Amino acid sequence: MARDGVFSRWRRTDKFEGMSGLSPSDCHDVHVLAVDDSLVDRKVIERLLKITSCKVTAVDSGRRALQFLGLDEEKSSVGFDGLKVDLIITDYCMPGMTGYELLKKIKGSITFREVPVVIMSSENVLARIDSCLEEGAEDFIVKPVKLSDVERLKDYMFGEDPIQGEGKGVNKRKLREACEISSSPSSSPPSISSSSPLSSQSLSSTPSPRSSSPSSPSSLDSPTRRLKMTNCGT
Amino acid sequence: YSLPDLQEFVRASKAAMDVVSQLQGQFLDFTTSLYNEGFLDDQFVQLQKLQDESNPDFVIEVVSLFFEDSEKLLNNLATALQQHIVDYKQVDALVHQFKGSSSSIGAQRVKNACVAFRNYCEEKNVEGCVRCLQLVKHEYNLVKSRLDTLFKLEQQILAAGGSVPMIA
């Protein structure tokens, strides 16, 4: 699967800045690293991210992800210091290194521990979700991933001040569990048309302003809510 | 243009539009049946949202990847279950993959068959697993044939100069 190897992807991202299909008006240069061993899922997540105006690098394993970030012990960091990654989204169940193990490695790295990490999984096991959030994951998405899931991620990429933000993961989770009321501390991103201070918590494609207690079936904006709505086996 | 020319033009245009609307009607009926019969679920609708003028073949591309992936998985599963000593961990991993990819494209019946399959893996029940593999394969073939028909209808509509109706 050479074409999915990290280096061909990296070169493509580097050389072809624009990437076909990206609208120049939305160029915030948000770069997402997507990690999933499934070819089908990689294609879907890549498209989901591109449609929300992100640059995407998609790799097929945790190991490749670490190589891309220059964190692989066995390979020297080939001048990746200037590499900007704004979000890492990874599958949980992968052969070799799981998404959880990848998360720990990222959070253990000085260079990348502030980068928000989102975990995806087809299994909504509470213990799994808990341990990921405890380890510093920003969010946990139950597969299959939809456009509304990815649009919600824009918060982490646009709305966060990179200087602040200690314990973001835990705080966000507590916020969500407590009252599911958006109280995002940072200013709303200017470029997202449907955003307002109240609604920056959960951006979806519906233009109507969100109330502070989203209880409609379409507002799947918290991991716990996602849990209730899905009925995956096991 | 003479009057007969114009009349012929109108007749031909009407005929063309009739063909398109007939095909569109077929397409809508067929699509509806796919959802009603549980072959496809909401995730397929989600995939279609990701298709546009800049990516007009997205759904077909993803589904093609799914077909390729599935053939490999089915072969590997058959091999794994033929082993003298079955490695249920490996079988389960393969079924898990299949469950994931079918879920990602909205192939609901395939996904559900995979869920049942995993239960038999857990019980280390080889006959149950073999039966489940047959069922998964059957469901896969059904949805593959349905999707092939769906894509063919789309092509026919486009070839006749019409546009493919979107299901909201």
# chains A, B, ... in the order shown; residues from 1 in each chain; ligands from 1

call {"tool": "interface_residues", "arguments": {"of": "chain A", "to": "chain B", "cutoff": "10 Å", "atoms": "only C-alpha atoms", "output": "PyMOL selection string"}}
result
chain A and resi 20-22+37-45+47-48+50-51+93-95+121-123+143-148+232-234

call {"tool": "write_last_selection", "arguments": {"atoms": "N, CA and C atoms", "output": "compact mmCIF listing (two decimals), in the first residue's frame"}}
result
# COMPACT_ATOMS: atom_id res chain seq x y z
N SER A 20 -6.68 19.44 -4.45
CA SER A 20 -7.90 19.62 -5.23
C SER A 20 -9.11 19.57 -4.30
N GLY A 21 -10.02 20.44 -4.54
CA GLY A 21 -11.27 20.40 -3.78
C GLY A 21 -11.31 21.35 -2.61
N LEU A 22 -10.18 21.87 -2.18
CA LEU A 22 -10.21 22.80 -1.05
C LEU A 22 -10.60 24.18 -1.54
N ASP A 37 -6.43 2.12 10.32
CA ASP A 37 -5.91 1.02 9.53
C ASP A 37 -6.87 0.60 8.41
N SER A 38 -8.10 1.04 8.50
CA SER A 38 -9.08 0.66 7.48
C SER A 38 -9.05 1.62 6.30
N LEU A 39 -8.87 1.04 5.13
CA LEU A 39 -8.80 1.85 3.92
C LEU A 39 -10.09 2.61 3.66
N VAL A 40 -11.19 1.91 3.87
CA VAL A 40 -12.51 2.53 3.67
C VAL A 40 -12.67 3.72 4.62
N ASP A 41 -12.35 3.50 5.89
CA ASP A 41 -12.52 4.57 6.88
C ASP A 41 -11.58 5.74 6.61
N ARG A 42 -10.38 5.43 6.13
CA ARG A 42 -9.43 6.50 5.82
C ARG A 42 -9.98 7.39 4.72
N LYS A 43 -10.56 6.76 3.73
CA LYS A 43 -11.11 7.54 2.63
C LYS A 43 -12.25 8.43 3.11
N VAL A 44 -13.07 7.87 3.98
CA VAL A 44 -14.22 8.63 4.47
C VAL A 44 -13.76 9.79 5.36
N ILE A 45 -12.86 9.50 6.29
CA ILE A 45 -12.45 10.56 7.22
C ILE A 45 -11.69 11.66 6.48
N ARG A 47 -12.20 12.63 3.41
CA ARG A 47 -13.19 13.44 2.72
C ARG A 47 -13.94 14.33 3.70
N LEU A 48 -14.31 13.76 4.84
CA LEU A 48 -15.02 14.53 5.86
C LEU A 48 -14.19 15.74 6.28
N LYS A 50 -11.65 17.16 4.59
CA LYS A 50 -11.42 18.10 3.49
C LYS A 50 -12.65 18.98 3.26
N ILE A 51 -13.81 18.36 3.43
CA ILE A 51 -15.04 19.11 3.20
C ILE A 51 -15.21 20.17 4.28
N CYS A 93 -9.04 0.84 17.70
CA CYS A 93 -8.62 -0.55 17.42
C CYS A 93 -7.78 -0.62 16.18
N MET A 94 -6.49 -0.74 16.38
CA MET A 94 -5.61 -0.92 15.23
C MET A 94 -4.59 -2.00 15.58
N PRO A 95 -4.20 -2.81 14.61
CA PRO A 95 -3.16 -3.80 14.90
C PRO A 95 -1.84 -3.10 15.20
N SER A 121 -14.00 5.13 17.59
CA SER A 121 -14.13 3.70 17.81
C SER A 121 -15.52 3.23 17.46
N SER A 122 -15.61 2.00 16.97
CA SER A 122 -16.92 1.46 16.67
C SER A 122 -17.59 0.91 17.92
N GLU A 123 -16.83 0.77 18.98
CA GLU A 123 -17.38 0.22 20.20
C GLU A 123 -17.51 1.31 21.25
N LYS A 143 -17.97 5.43 15.88
CA LYS A 143 -18.11 5.24 14.43
C LYS A 143 -19.49 4.64 14.14
N PRO A 144 -20.04 4.81 12.94
CA PRO A 144 -19.42 5.46 11.80
C PRO A 144 -19.44 6.98 11.93
N VAL A 145 -18.38 7.59 11.43
CA VAL A 145 -18.21 9.03 11.59
C VAL A 145 -19.05 9.78 10.57
N LYS A 146 -19.70 10.83 11.05
CA LYS A 146 -20.55 11.63 10.18
C LYS A 146 -20.00 13.05 10.06
N LEU A 147 -20.59 13.77 9.14
CA LEU A 147 -20.18 15.16 8.94
C LEU A 147 -20.36 15.98 10.21
N SER A 148 -21.45 15.76 10.93
CA SER A 148 -21.70 16.55 12.14
C SER A 148 -20.63 16.28 13.20
N CYS A 232 -24.47 0.03 19.27
CA CYS A 232 -23.52 -0.92 18.71
C CYS A 232 -23.53 -2.18 19.51
N GLY A 233 -23.22 -3.28 18.85
CA GLY A 233 -23.11 -4.53 19.58
C GLY A 233 -21.97 -4.47 20.55
N THR A 234 -22.04 -5.24 21.58
CA THR A 234 -21.07 -5.27 22.69
C THR A 234 -20.92 -3.89 23.32

call {"tool": "residues_around", "arguments": {"residues": "Leu147 of chain B", "least_positions_apart": "3", "cutoff": "12 Å", "atoms": "only C-alpha atoms", "output": "list in words"}}
result
Phe27, Phe30, Thr31, Ser33, Leu34, Tyr35, Phe39, Leu40, Phe44, Val59, Ile60, Val62, Val63, Ser64, Phe66, Phe67, Ile105, Gly106, Ala107, Tyr140, Asn141, Leu142, Val143, Lys144, Leu150, Phe151, Lys152, Leu153 and Glu154 of chain B

call {"tool": "select_by_dssp", "arguments": {"residues": "chain B", "states": "strand (DSSP E or B)", "output": "MDAnalysis selection string"}}
result
chainID B and resid 40 52 55 107

call {"tool": "atom_distance", "arguments": {"atom1": "atom CA of Ala34 of chain A", "atom2": "atom CA of Arg152 of chain A"}}
result
15.8 Å

call {"tool": "atom_distance", "arguments": {"atom1": "atom CA of Lys124 of chain B", "atom2": "atom CA of Ile85 of chain B"}}
result
10.9 Å

call {"tool": "select_by_dssp", "arguments": {"residues": "chain B", "states": "alpha helix (DSSP H)", "output": "PyMOL selection string"}}
result
chain B and resi 3-36+42-49+58-82+88-105+108-122+126-159

call {"tool": "residues_around", "arguments": {"residues": "Lys84 of chain A", "least_positions_apart": "3", "cutoff": "10 Å", "atoms": "only C-alpha atoms", "output": "list in words"}}
result
Asp29, Val30, His31, Val32, Leu33, Leu69, Phe80, Asp81, Leu87, Phe112 and Val115 of chain A

call {"tool": "write_last_selection", "arguments": {"atoms": "N, CA and C atoms", "output": "PDB file, in the first residue's frame"}}
result
ATOM      1  N   ASP A  29      -5.277  26.859   6.972  1.00  0.00           N
ATOM      2  CA  ASP A  29      -4.111  25.994   7.088  1.00  0.00           C
ATOM      3  C   ASP A  29      -4.235  25.047   8.261  1.00  0.00           C
ATOM      4  N   VAL A  30      -5.427  24.622   8.544  1.00  0.00           N
ATOM      5  CA  VAL A  30      -5.600  23.638   9.605  1.00  0.00           C
ATOM      6  C   VAL A  30      -5.191  22.285   9.059  1.00  0.00           C
ATOM      7  N   HIS A  31      -4.264  21.688   9.768  1.00  0.00           N
ATOM      8  CA  HIS A  31      -3.732  20.423   9.291  1.00  0.00           C
ATOM      9  C   HIS A  31      -4.102  19.315  10.268  1.00  0.00           C
ATOM     10  N   VAL A  32      -4.773  18.303   9.745  1.00  0.00           N
ATOM     11  CA  VAL A  32      -5.188  17.193  10.584  1.00  0.00           C
ATOM     12  C   VAL A  32      -4.452  15.925  10.182  1.00  0.00           C
ATOM     13  N   LEU A  33      -3.980  15.225  11.174  1.00  0.00           N
ATOM     14  CA  LEU A  33      -3.365  13.924  10.943  1.00  0.00           C
ATOM     15  C   LEU A  33      -4.403  12.867  11.295  1.00  0.00           C
ATOM     16  N   LEU A  69       5.251  12.426  12.726  1.00  0.00           N
ATOM     17  CA  LEU A  69       5.460  13.492  13.697  1.00  0.00           C
ATOM     18  C   LEU A  69       6.914  13.590  14.127  1.00  0.00           C
ATOM     19  N   PHE A  80      11.466  17.612  11.114  1.00  0.00           N
ATOM     20  CA  PHE A  80      10.020  17.795  11.213  1.00  0.00           C
ATOM     21  C   PHE A  80       9.647  18.873  12.223  1.00  0.00           C
ATOM     22  N   ASP A  81      10.634  19.593  12.724  1.00  0.00           N
ATOM     23  CA  ASP A  81      10.350  20.524  13.813  1.00  0.00           C
ATOM     24  C   ASP A  81       9.303  21.559  13.437  1.00  0.00           C
ATOM     25  N   LEU A  87      -4.581  18.923  14.755  1.00  0.00           N
ATOM     26  CA  LEU A  87      -5.464  17.938  15.367  1.00  0.00           C
ATOM     27  C   LEU A  87      -5.025  16.553  14.911  1.00  0.00           C
ATOM     28  N   PHE A 112       4.317  17.738  20.935  1.00  0.00           N
ATOM     29  CA  PHE A 112       2.964  17.533  20.428  1.00  0.00           C
ATOM     30  C   PHE A 112       1.891  17.346  21.479  1.00  0.00           C
ATOM     31  N   VAL A 115      -1.329  19.225  21.159  1.00  0.00           N
ATOM     32  CA  VAL A 115      -2.182  18.985  19.996  1.00  0.00           C
ATOM     33  C   VAL A 115      -3.385  18.158  20.435  1.00  0.00           C
TER      34      VAL A 115
END

call {"tool": "atom_distance", "arguments": {"atom1": "atom CA of Asp87 of chain B", "atom2": "atom CA of Arg131 of chain B"}}
result
16.7 Å
